[in-house]
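Written below as structure tokens is the structure these notes are about.
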Amino acid sequence: MIYKVLVSDPLSDDGIKELLDAEHIQVDKKTGMTEQELLDCIGEYDALLVRSQTQVTRKVIEKATKLKAIGRAGVGTDNIDLAAATEHGVVVVNAPNGNTISTAEHTMAMLAAMARRVPQAYYSLRQDEWNRKAFIGVELYRKTLGIIGFGRIGGEVAKRAQGFGMRIIASDPFLTEEKAAKLGIQYGSMEDVLEQADFITVHTPLLKETHHLISHEQFGQMKDGVYVLNCARGGLVDENALLEAIQGGKVAGASLDVFENEPQINHELLALPEVIATPHLGASTVEAQEMVAVDVSREIADMLSGKPAKNPVNMPAVSKEVLQKLEPYFSLCEKLGSFLAQISRGAIAEITVTYSGELQDTNVDPLTRLILKHILKHYLGQQINEVNAFHVAKQKEIVVNEQKTTSGYGFTNLIAITVRTNQETRTVSGTRIEGGRIELVNVDQYRVDVIPTGHMIYIHHTDQPGVIGKVGTFLGQNDVNIATMQVGRKERGGDAIMLLSVDKNMEQALADELAAVPEIIDVTTIEL
Ligand SMILES: NC(=O)c1ccc[n+]([C@@H]2O[C@H](COP(=O)([O-])OP(=O)(O)OC[C@H]3O[C@@H](n4cnc5c(N)ncnc54)[C@H](O)[C@@H]3O)[C@@H](O)[C@H]2O)c1
Ligand SMILES: O=C(O)[C@H](O)COP(=O)(O)O
């Protein structure tokens with residue numbers, strides 16, 4: 001099978017080499033497309049690779065019927081409709097580390113250039129002027145740099161600014177006083193930063209909560225003559241409020257690498273002599289571009305080979321160590337989920353997964369997603385995957401519970417799933433045995449010992465002499481060879497079950513005929 005990958009923003013060939021070299025992957029590079037052009041072609045592709053230019057809207061995702069993954073060669077995913085991607089089961093991955101240093105260095109370049117008015121002086125010189133008095137700058141030494149958003153880039157900016165002899169005050173929900181003290185910086189609230197800083201730089205993501213994080217009110221709280229930098233995302237700083245703050249004399253200088261409406265920029269703002277700007281160049285270095293493209297290409301290649309994503313943005317990330325621990329259970333979860341879906345009748349209201357024994361201390365989210373996928377797939381088909389499984393369950397108003405217990409009921413590990421529908425409650429549990437074998441050990445409270453694979457028949461009957469013989473004769477007469485058979489009963493003469501592995505699929509008409517035997521209550525064929 002050949003997978004088709006569309007690269008719709010400029011990415012270095014060296015960076016995407018892994019995709020270009022892969023025999024099972026065809027890469028098409030089409031940069032600078034209009035939305036219509038993207039809509040016209042996206043249906044052909046299994047994966048899409050973008051930077052910040054391509055707008056991956058809901059409309060695009062809805063048209064992308066084959067799309068499995070979107071790779072963002074960079075950090076910010078605000079150009080991708082994540083909710084739409086999740087709903088459509090498309091994994092979005094980013095490359096969060098590759099451009100950190102480049103962006104921190106760009107921030108420092110902007111900071112120094114702004115303080116010394118380098119771009120303005122250069123421009124003047126190019127006009128044949130020699131005007132030394134007009135370009136008197138300020139020192140960074142002993143000034144306070146306020147950092148709002150102390151993540152990867154904010155942290156690297158702090159280290160570099162300390163080299164300039166600046167005092168740092170930072171605000172971030174994940175920063176503590178202890179951590180700040182260890183780094184030799186001061187921890188503060190957003191208000192502290194606004195009130196104390198001579199230079200303020202923002203490094204948060206653009207979210208609903210951070211839109212216009214710096215607006216009229218915040219400018220009002222700043223020192224007179226403050227300098228402001230935005231090398232993170234347009235929209236964090238309210239451009240109209242910034243314009244007014246500069247015109248009103250509050251802000252002495254602004255450095256902008258990003259804008260609210262890229263590539264349409266606010267010309268009124270840019271025309272002010274206090275403003276210096278670059279066209280979203282934070283990540284534009286040879287090194288960063290190669291690193292982010294390599295990282296995201298590897299992710300796409302892995303995902304197209306069925307491996308889980310390392311940096312998913314629209315589902316929780318799981319460490320390599322945890323994944324290694326969980327991988328041996330993937331097949332058990334798939335079979336248990338699928339088995340349970342095939343024996344259950346009615347509309348599902350609740351799914352409860354209980355992990356016991358050696359899994360109790362592990363993050364089992366990927367296993368629960370897999371189980372949900374294999375249960376829901378039975379009703380909703382291939383549109384369900386690990387990304388949208390929880391979302392779809394919620395949409396269908398299915399309650400999903402994940403539980404852990406210490407007792408493995410004699411097993412080293414045990415996964416039990418209960419499905420409650422509007423008609424019944426059904427349960428299966430299984431275990432993984434040393435050596436990798438998986439076993440179904442309980443079905444509806446009946447103890448069994450079966451490898452859940454291939455063609456199976458589940459018979460619910462009354463415990464009476466001769467039933468097993470009738471089933472054997474019926475299947476023999478119909479050329480259905482029994483490979484294994486397990487029987488179970490709760491009490492003599494009461495409810496009982498038979499679980500058979502057979503060599504071929506038994507057609508529904510035959511299952512109905514068998515179900516007509518008086519002692520038999522129900523016959524279900526299962527394909528695993
Ligand atoms: N200019 C560029 O070319 C360029 C390049 C790379 C990244 N970026 C942008 O830079 C920003 C930071 O990237 P990063 O890799 O450091 O991300 P990160 O996730 O490592 O850090 C972001 C930090 O912001 C903090 N934060 C969120 N809301 C906050 C709030 N209201 N107040 C204070 N802190 C808050 C988070 O807790 C987090 O620690 C992102 O917007 C990213 O898109 C821009
Ligand atoms: O979020 C990012 O990684 C940066 O904004 C870089 O964007 P770019 O890949 O379009 O340069």
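FYI, nothing fancy with the structure tokens labels: chains A, B, ... in order, residues from 1 per chain, ligands from 1 as they appear.
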
What lies within 10 Å of Gln218 (chain A) using only C-alpha atoms, ignoring chain neighbours under 6 positions off, as a PyMOL selection string? chain A and resi 190-191+194-195+212+237+241

Quick one: residues within 9 Å of Leu499 (chain A), only C-alpha atoms counted, chain neighbours fewer than 6 positions away excluded, as a ChimeraX atom specification? /A:448,450,456-460,484-488

Kindly save the residues from that selection, with N, CA and C atoms included, as a PDB file, in the first residue's frame.
ATOM      1  N   VAL A 448     -13.827 -19.291  31.850  1.00  0.00           N
ATOM      2  CA  VAL A 448     -13.407 -19.999  30.637  1.00  0.00           C
ATOM      3  C   VAL A 448     -11.891 -19.903  30.526  1.00  0.00           C
ATOM      4  N   VAL A 450      -9.826 -19.571  27.098  1.00  0.00           N
ATOM      5  CA  VAL A 450      -9.874 -19.643  25.632  1.00  0.00           C
ATOM      6  C   VAL A 450      -8.964 -18.580  25.024  1.00  0.00           C
ATOM      7  N   MET A 456     -15.518 -17.841  16.364  1.00  0.00           N
ATOM      8  CA  MET A 456     -15.992 -18.398  17.632  1.00  0.00           C
ATOM      9  C   MET A 456     -17.523 -18.420  17.656  1.00  0.00           C
ATOM     10  N   ILE A 457     -18.059 -19.329  18.476  1.00  0.00           N
ATOM     11  CA  ILE A 457     -19.518 -19.370  18.654  1.00  0.00           C
ATOM     12  C   ILE A 457     -19.790 -19.358  20.163  1.00  0.00           C
ATOM     13  N   TYR A 458     -20.663 -18.468  20.561  1.00  0.00           N
ATOM     14  CA  TYR A 458     -21.008 -18.348  21.984  1.00  0.00           C
ATOM     15  C   TYR A 458     -22.467 -18.760  22.131  1.00  0.00           C
ATOM     16  N   ILE A 459     -22.683 -19.829  22.902  1.00  0.00           N
ATOM     17  CA  ILE A 459     -24.049 -20.372  23.034  1.00  0.00           C
ATOM     18  C   ILE A 459     -24.497 -20.264  24.489  1.00  0.00           C
ATOM     19  N   HIS A 460     -25.646 -19.705  24.663  1.00  0.00           N
ATOM     20  CA  HIS A 460     -26.246 -19.585  25.989  1.00  0.00           C
ATOM     21  C   HIS A 460     -27.391 -20.601  26.023  1.00  0.00           C
ATOM     22  N   THR A 484     -11.930 -26.016  19.546  1.00  0.00           N
ATOM     23  CA  THR A 484     -11.924 -26.131  21.010  1.00  0.00           C
ATOM     24  C   THR A 484     -13.333 -25.853  21.520  1.00  0.00           C
ATOM     25  N   MET A 485     -13.624 -26.372  22.689  1.00  0.00           N
ATOM     26  CA  MET A 485     -14.946 -26.113  23.273  1.00  0.00           C
ATOM     27  C   MET A 485     -14.816 -25.950  24.787  1.00  0.00           C
ATOM     28  N   GLN A 486     -15.447 -24.935  25.333  1.00  0.00           N
ATOM     29  CA  GLN A 486     -15.449 -24.719  26.778  1.00  0.00           C
ATOM     30  C   GLN A 486     -16.892 -24.649  27.232  1.00  0.00           C
ATOM     31  N   VAL A 487     -17.175 -25.287  28.342  1.00  0.00           N
ATOM     32  CA  VAL A 487     -18.544 -25.171  28.854  1.00  0.00           C
ATOM     33  C   VAL A 487     -18.491 -24.585  30.261  1.00  0.00           C
ATOM     34  N   GLY A 488     -19.562 -23.944  30.653  1.00  0.00           N
ATOM     35  CA  GLY A 488     -19.607 -23.374  32.001  1.00  0.00           C
ATOM     36  C   GLY A 488     -21.042 -23.269  32.454  1.00  0.00           C
TER      37      GLY A 488
END

Name each residue within 9 Å of ligand 1, counting only C-alpha atoms and all ligand atoms, as JSON, numbers by chain. {"A": [52, 74, 75, 76, 77, 78, 96, 97, 98, 99, 100, 101, 102, 103, 104, 106, 107, 147, 148, 149, 150, 151, 152, 153, 154, 155, 156, 170, 171, 172, 173, 174, 175, 189, 190, 202, 203, 204, 205, 206, 207, 209, 210, 213, 230, 231, 232, 233, 234, 236, 256, 257, 258, 279, 280, 281, 282, 283, 284]}

Residues near Gln53 (chain A), cut-off 12 Å, only C-alpha atoms, skip fewer than 6 positions along chain, as a PyMOL selection string: chain A and resi 7-11+31-35+72-74+76-80+261-263+279-280

Written file, previous selection with C-alpha atoms, as a PDB file, in the first residue's frame:
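Below is the file that was written, result-v5.pdb:
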ATOM      1  CA  VAL A   7       3.535  18.966   2.124  1.00  0.00           C
ATOM      2  CA  SER A   8       1.696  22.285   1.817  1.00  0.00           C
ATOM      3  CA  ASP A   9       4.183  24.731   3.403  1.00  0.00           C
ATOM      4  CA  PRO A  10       7.886  25.170   2.614  1.00  0.00           C
ATOM      5  CA  LEU A  11       9.933  22.474   4.370  1.00  0.00           C
ATOM      6  CA  THR A  31       3.076  25.128  -1.371  1.00  0.00           C
ATOM      7  CA  GLY A  32       1.143  28.401  -1.580  1.00  0.00           C
ATOM      8  CA  MET A  33      -2.193  26.771  -2.451  1.00  0.00           C
ATOM      9  CA  THR A  34      -5.445  28.688  -2.087  1.00  0.00           C
ATOM     10  CA  GLU A  35      -8.055  27.213   0.257  1.00  0.00           C
ATOM     11  CA  ARG A  72       2.964  20.565  12.211  1.00  0.00           C
ATOM     12  CA  ALA A  73       6.661  21.237  11.629  1.00  0.00           C
ATOM     13  CA  GLY A  74       6.849  23.658  14.560  1.00  0.00           C
ATOM     14  CA  GLY A  76       1.876  26.433  17.374  1.00  0.00           C
ATOM     15  CA  THR A  77      -1.124  24.511  16.062  1.00  0.00           C
ATOM     16  CA  ASP A  78      -3.532  27.450  16.056  1.00  0.00           C
ATOM     17  CA  ASN A  79      -3.745  27.184  12.242  1.00  0.00           C
ATOM     18  CA  ILE A  80      -5.272  23.701  12.634  1.00  0.00           C
ATOM     19  CA  ASN A 261      -3.710  38.778  10.670  1.00  0.00           C
ATOM     20  CA  GLU A 262      -0.715  37.290   8.932  1.00  0.00           C
ATOM     21  CA  PRO A 263       0.303  38.000   6.259  1.00  0.00           C
ATOM     22  CA  PRO A 279       7.726  38.571   9.168  1.00  0.00           C
ATOM     23  CA  HIS A 280       7.306  35.607  11.568  1.00  0.00           C
TER      24      HIS A 280
END

For the strand (DSSP E) assignment from backbone DSSP, which residues of region 75-256 of chain A qualify? Please present them as an mmCIF file with N, CA and C atoms, in the first residue's frame.
data_model
loop_
_atom_site.group_PDB
_atom_site.id
_atom_site.type_symbol
_atom_site.label_atom_id
_atom_site.label_comp_id
_atom_site.auth_asym_id
_atom_site.auth_seq_id
_atom_site.Cartn_x
_atom_site.Cartn_y
_atom_site.Cartn_z
ATOM 1 N N VAL A 91 -5.008 12.370 13.837
ATOM 2 C CA VAL A 91 -4.023 12.706 14.866
ATOM 3 C C VAL A 91 -3.250 13.937 14.408
ATOM 4 N N VAL A 92 -3.105 14.896 15.311
ATOM 5 C CA VAL A 92 -2.274 16.064 14.995
ATOM 6 C C VAL A 92 -1.008 15.968 15.844
ATOM 7 N N VAL A 93 0.135 16.023 15.182
ATOM 8 C CA VAL A 93 1.402 15.991 15.926
ATOM 9 C C VAL A 93 2.165 17.273 15.639
ATOM 10 N N ASN A 94 2.960 17.712 16.593
ATOM 11 C CA ASN A 94 3.817 18.870 16.311
ATOM 12 C C ASN A 94 5.265 18.518 16.621
ATOM 13 N N THR A 144 14.879 45.118 34.153
ATOM 14 C CA THR A 144 14.043 43.943 34.464
ATOM 15 C C THR A 144 13.329 43.475 33.202
ATOM 16 N N LEU A 145 13.538 42.206 32.912
ATOM 17 C CA LEU A 145 12.821 41.605 31.790
ATOM 18 C C LEU A 145 11.665 40.782 32.357
ATOM 19 N N GLY A 146 10.460 41.093 31.958
ATOM 20 C CA GLY A 146 9.279 40.338 32.389
ATOM 21 C C GLY A 146 8.942 39.311 31.325
ATOM 22 N N ILE A 147 8.870 38.038 31.745
ATOM 23 C CA ILE A 147 8.557 36.978 30.779
ATOM 24 C C ILE A 147 7.182 36.409 31.127
ATOM 25 N N ILE A 148 6.271 36.525 30.191
ATOM 26 C CA ILE A 148 4.935 35.950 30.418
ATOM 27 C C ILE A 148 4.848 34.683 29.577
ATOM 28 N N ARG A 167 17.678 41.411 35.190
ATOM 29 C CA ARG A 167 16.935 40.742 36.248
ATOM 30 C C ARG A 167 15.665 40.194 35.587
ATOM 31 N N ILE A 168 15.332 38.961 35.930
ATOM 32 C CA ILE A 168 14.174 38.344 35.255
ATOM 33 C C ILE A 168 13.032 38.152 36.246
ATOM 34 N N ILE A 169 11.842 38.524 35.817
ATOM 35 C CA ILE A 169 10.636 38.167 36.575
ATOM 36 C C ILE A 169 9.708 37.459 35.592
ATOM 37 N N ALA A 170 9.209 36.292 36.024
ATOM 38 C CA ALA A 170 8.410 35.504 35.077
ATOM 39 C C ALA A 170 7.097 35.067 35.688
ATOM 40 N N SER A 171 6.095 34.937 34.810
ATOM 41 C CA SER A 171 4.780 34.486 35.247
ATOM 42 C C SER A 171 4.331 33.328 34.355
ATOM 43 N N GLN A 186 13.013 35.728 39.383
ATOM 44 C CA GLN A 186 11.944 35.986 40.336
ATOM 45 C C GLN A 186 10.614 35.488 39.775
ATOM 46 N N TYR A 187 9.846 34.867 40.655
ATOM 47 C CA TYR A 187 8.529 34.390 40.270
ATOM 48 C C TYR A 187 7.522 35.502 40.564
ATOM 49 N N PHE A 199 11.142 45.677 30.269
ATOM 50 C CA PHE A 199 10.911 45.032 28.967
ATOM 51 C C PHE A 199 9.968 43.852 29.243
ATOM 52 N N ILE A 200 8.975 43.665 28.412
ATOM 53 C CA ILE A 200 8.038 42.548 28.625
ATOM 54 C C ILE A 200 7.970 41.712 27.356
ATOM 55 N N THR A 201 8.191 40.399 27.515
ATOM 56 C CA THR A 201 8.127 39.519 26.350
ATOM 57 C C THR A 201 7.121 38.405 26.614
ATOM 58 N N VAL A 202 6.269 38.117 25.617
ATOM 59 C CA VAL A 202 5.242 37.076 25.823
ATOM 60 C C VAL A 202 5.651 35.800 25.089
ATOM 61 N N VAL A 226 7.883 51.548 28.919
ATOM 62 C CA VAL A 226 8.136 50.105 28.821
ATOM 63 C C VAL A 226 8.373 49.700 27.352
ATOM 64 N N TYR A 227 9.105 48.586 27.190
ATOM 65 C CA TYR A 227 9.315 48.013 25.844
ATOM 66 C C TYR A 227 8.600 46.656 25.813
ATOM 67 N N VAL A 228 7.934 46.368 24.706
ATOM 68 C CA VAL A 228 7.133 45.137 24.625
ATOM 69 C C VAL A 228 7.567 44.291 23.424
ATOM 70 N N LEU A 229 7.672 42.975 23.648
ATOM 71 C CA LEU A 229 8.050 42.079 22.544
ATOM 72 C C LEU A 229 7.005 40.979 22.368
ATOM 73 N N ASN A 230 6.737 40.641 21.126
ATOM 74 C CA ASN A 230 5.904 39.472 20.849
ATOM 75 C C ASN A 230 6.532 38.660 19.737
ATOM 76 N N VAL A 251 4.292 53.207 25.897
ATOM 77 C CA VAL A 251 5.244 52.208 25.399
ATOM 78 C C VAL A 251 6.322 52.914 24.570
ATOM 79 N N ALA A 252 7.592 52.659 24.943
ATOM 80 C CA ALA A 252 8.697 53.329 24.236
ATOM 81 C C ALA A 252 9.134 52.570 22.993
ATOM 82 N N GLY A 253 8.844 51.282 22.977
ATOM 83 C CA GLY A 253 9.266 50.507 21.813
ATOM 84 C C GLY A 253 8.553 49.173 21.771
ATOM 85 N N ALA A 254 8.361 48.648 20.573
ATOM 86 C CA ALA A 254 7.731 47.327 20.446
ATOM 87 C C ALA A 254 8.452 46.527 19.375
ATOM 88 N N SER A 255 8.647 45.240 19.648
ATOM 89 C CA SER A 255 9.271 44.310 18.703
ATOM 90 C C SER A 255 8.264 43.247 18.362
ATOM 91 N N LEU A 256 7.928 43.140 17.103
ATOM 92 C CA LEU A 256 6.899 42.170 16.719
ATOM 93 C C LEU A 256 7.424 41.224 15.643
#

Give one line per residue of region 71-135 of chain A that approaches region 390-393 of chain A to at most 10 Å, naming the two atoms of the closest pair and their distance in Å to one decimal, counting only C-alpha atoms; sort by chain then ascending residue number and deliver it as a Markdown table.
| residue | atom | partner | partner_atom | distance |
| --- | --- | --- | --- | --- |
| A:Ala83 | CA | A:His391 | CA | 9.6 |
| A:Thr86 | CA | A:His391 | CA | 7.5 |
| A:Glu87 | CA | A:His391 | CA | 6.6 |
| A:His88 | CA | A:Val392 | CA | 9.5 |
| A:Gly89 | CA | A:His391 | CA | 9.3 |

Extract, using only C-alpha atoms, all DNA, RNA and protein residues at most 12 Å from Tyr3 (chain A), discarding same-chain residues fewer than 3 positions from it, and format them as a count of residues only. 24

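Using only C-alpha atoms, the smallest distance between any of A:Thr421, A:Ser338, A:Thr405, A:Asn413 and Ile351 (chain A) comes from A:Thr421.
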
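The shortest atom-to-atom distance to Ala389 (chain A), with only C-alpha atoms taken into account, belongs to A:Val90 out of A:Asp40, A:Leu269, A:Val90, A:Ile343.
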
Please list as number ranges by chain every residue within 10 Å of Asp479 (chain A), counting only C-alpha atoms and excluding residues in the same chain fewer than 4 positions away. A: 473-475, 503-504, 506

Using backbone DSSP assignments, extract all helix (DSSP H, G or I) residues from region 358-422 of chain A; output them as a short mmCIF file (atom, residue, chain, number, x, y, z; two decimals) with N, CA and C atoms, in the first residue's frame.
data_model
loop_
_atom_site.label_atom_id
_atom_site.label_comp_id
_atom_site.auth_asym_id
_atom_site.auth_seq_id
_atom_site.Cartn_x
_atom_site.Cartn_y
_atom_site.Cartn_z
N ASP A 365 -4.42 4.96 29.68
CA ASP A 365 -5.28 5.68 28.74
C ASP A 365 -5.23 5.09 27.31
N PRO A 366 -4.02 4.77 26.77
CA PRO A 366 -4.00 4.21 25.42
C PRO A 366 -4.76 2.88 25.30
N LEU A 367 -4.77 2.08 26.39
CA LEU A 367 -5.49 0.81 26.34
C LEU A 367 -7.00 1.05 26.35
N THR A 368 -7.44 2.00 27.18
CA THR A 368 -8.88 2.29 27.23
C THR A 368 -9.34 2.83 25.87
N ARG A 369 -8.52 3.66 25.25
CA ARG A 369 -8.87 4.18 23.92
C ARG A 369 -9.03 3.03 22.92
N LEU A 370 -8.09 2.08 23.00
CA LEU A 370 -8.10 0.94 22.08
C LEU A 370 -9.36 0.08 22.30
N ILE A 371 -9.70 -0.14 23.57
CA ILE A 371 -10.89 -0.93 23.89
C ILE A 371 -12.14 -0.23 23.35
N LEU A 372 -12.22 1.08 23.63
CA LEU A 372 -13.38 1.86 23.14
C LEU A 372 -13.47 1.77 21.63
N LYS A 373 -12.31 1.93 20.99
CA LYS A 373 -12.28 1.88 19.51
C LYS A 373 -12.88 0.56 19.03
N HIS A 374 -12.46 -0.57 19.64
CA HIS A 374 -12.91 -1.87 19.14
C HIS A 374 -14.35 -2.18 19.52
N ILE A 375 -14.84 -1.56 20.58
CA ILE A 375 -16.27 -1.73 20.89
C ILE A 375 -17.09 -0.89 19.90
N LEU A 376 -16.72 0.40 19.80
CA LEU A 376 -17.53 1.32 18.98
C LEU A 376 -17.45 1.01 17.49
N LYS A 377 -16.31 0.46 17.08
CA LYS A 377 -16.11 0.12 15.66
C LYS A 377 -17.18 -0.85 15.18
N HIS A 378 -17.62 -1.70 16.09
CA HIS A 378 -18.63 -2.69 15.75
C HIS A 378 -19.93 -2.00 15.31
N TYR A 379 -20.17 -0.82 15.86
CA TYR A 379 -21.41 -0.10 15.53
C TYR A 379 -21.19 1.00 14.50
N LEU A 380 -19.98 1.58 14.52
CA LEU A 380 -19.77 2.79 13.73
C LEU A 380 -18.73 2.65 12.63
N GLY A 381 -18.10 1.50 12.54
CA GLY A 381 -17.16 1.25 11.44
C GLY A 381 -15.82 1.93 11.61
N GLN A 382 -15.13 2.05 10.47
CA GLN A 382 -13.73 2.48 10.46
C GLN A 382 -13.53 3.93 10.88
N GLN A 383 -14.60 4.71 10.97
CA GLN A 383 -14.41 6.13 11.35
C GLN A 383 -13.88 6.28 12.78
N ALA A 389 -12.09 8.16 19.85
CA ALA A 389 -12.91 7.19 20.59
C ALA A 389 -13.64 7.83 21.78
N PHE A 390 -12.92 8.59 22.60
CA PHE A 390 -13.56 9.22 23.76
C PHE A 390 -14.60 10.26 23.32
N HIS A 391 -14.20 11.02 22.30
CA HIS A 391 -15.09 12.08 21.80
C HIS A 391 -16.40 11.48 21.30
N VAL A 392 -16.30 10.41 20.52
CA VAL A 392 -17.51 9.80 19.96
C VAL A 392 -18.36 9.20 21.08
N ALA A 393 -17.69 8.56 22.06
CA ALA A 393 -18.44 7.97 23.18
C ALA A 393 -19.24 9.07 23.88
N LYS A 394 -18.59 10.20 24.09
CA LYS A 394 -19.27 11.32 24.76
C LYS A 394 -20.45 11.83 23.94
N GLN A 395 -20.18 11.93 22.64
CA GLN A 395 -21.23 12.40 21.73
C GLN A 395 -22.45 11.48 21.77
#

Considering only C-alpha atoms, return as a PyMOL selection string whatever protein or nucleic-acid residues lie within 10 Å of Lys143 (chain A), sequence-local ones (same chain, fewer than 6 positions apart) excluded. chain A and resi 161+164-168+196-199

Okay, now the selection with C-alpha atoms, as a compact mmCIF listing (two decimals), in the first residue's frame?
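Once written, selection_35.txt looks like this:
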# COMPACT_ATOMS: atom_id res chain seq x y z
CA ALA A 161 18.92 37.66 29.15
CA PHE A 164 23.11 40.47 29.52
CA GLY A 165 22.90 41.12 33.25
CA MET A 166 19.13 41.52 33.26
CA ARG A 167 16.93 40.74 36.25
CA ILE A 168 14.17 38.34 35.25
CA GLN A 196 7.88 45.74 37.54
CA ALA A 197 9.29 45.05 34.09
CA ASP A 198 11.19 47.48 31.87
CA PHE A 199 10.91 45.03 28.97

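Between CA of Gln445 (chain A) and CA of Asn363 (chain A) lies a distance of 26.8 Å.
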
Residues within 7 Å of Ile61 (chain A), please, as a list in words. Count only C-alpha atoms; anything in the same chain fewer than 5 positions from it doesn't count.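 Counting only C-alpha atoms, the residues come to Val56, Ala84 and Ala85 of chain A.
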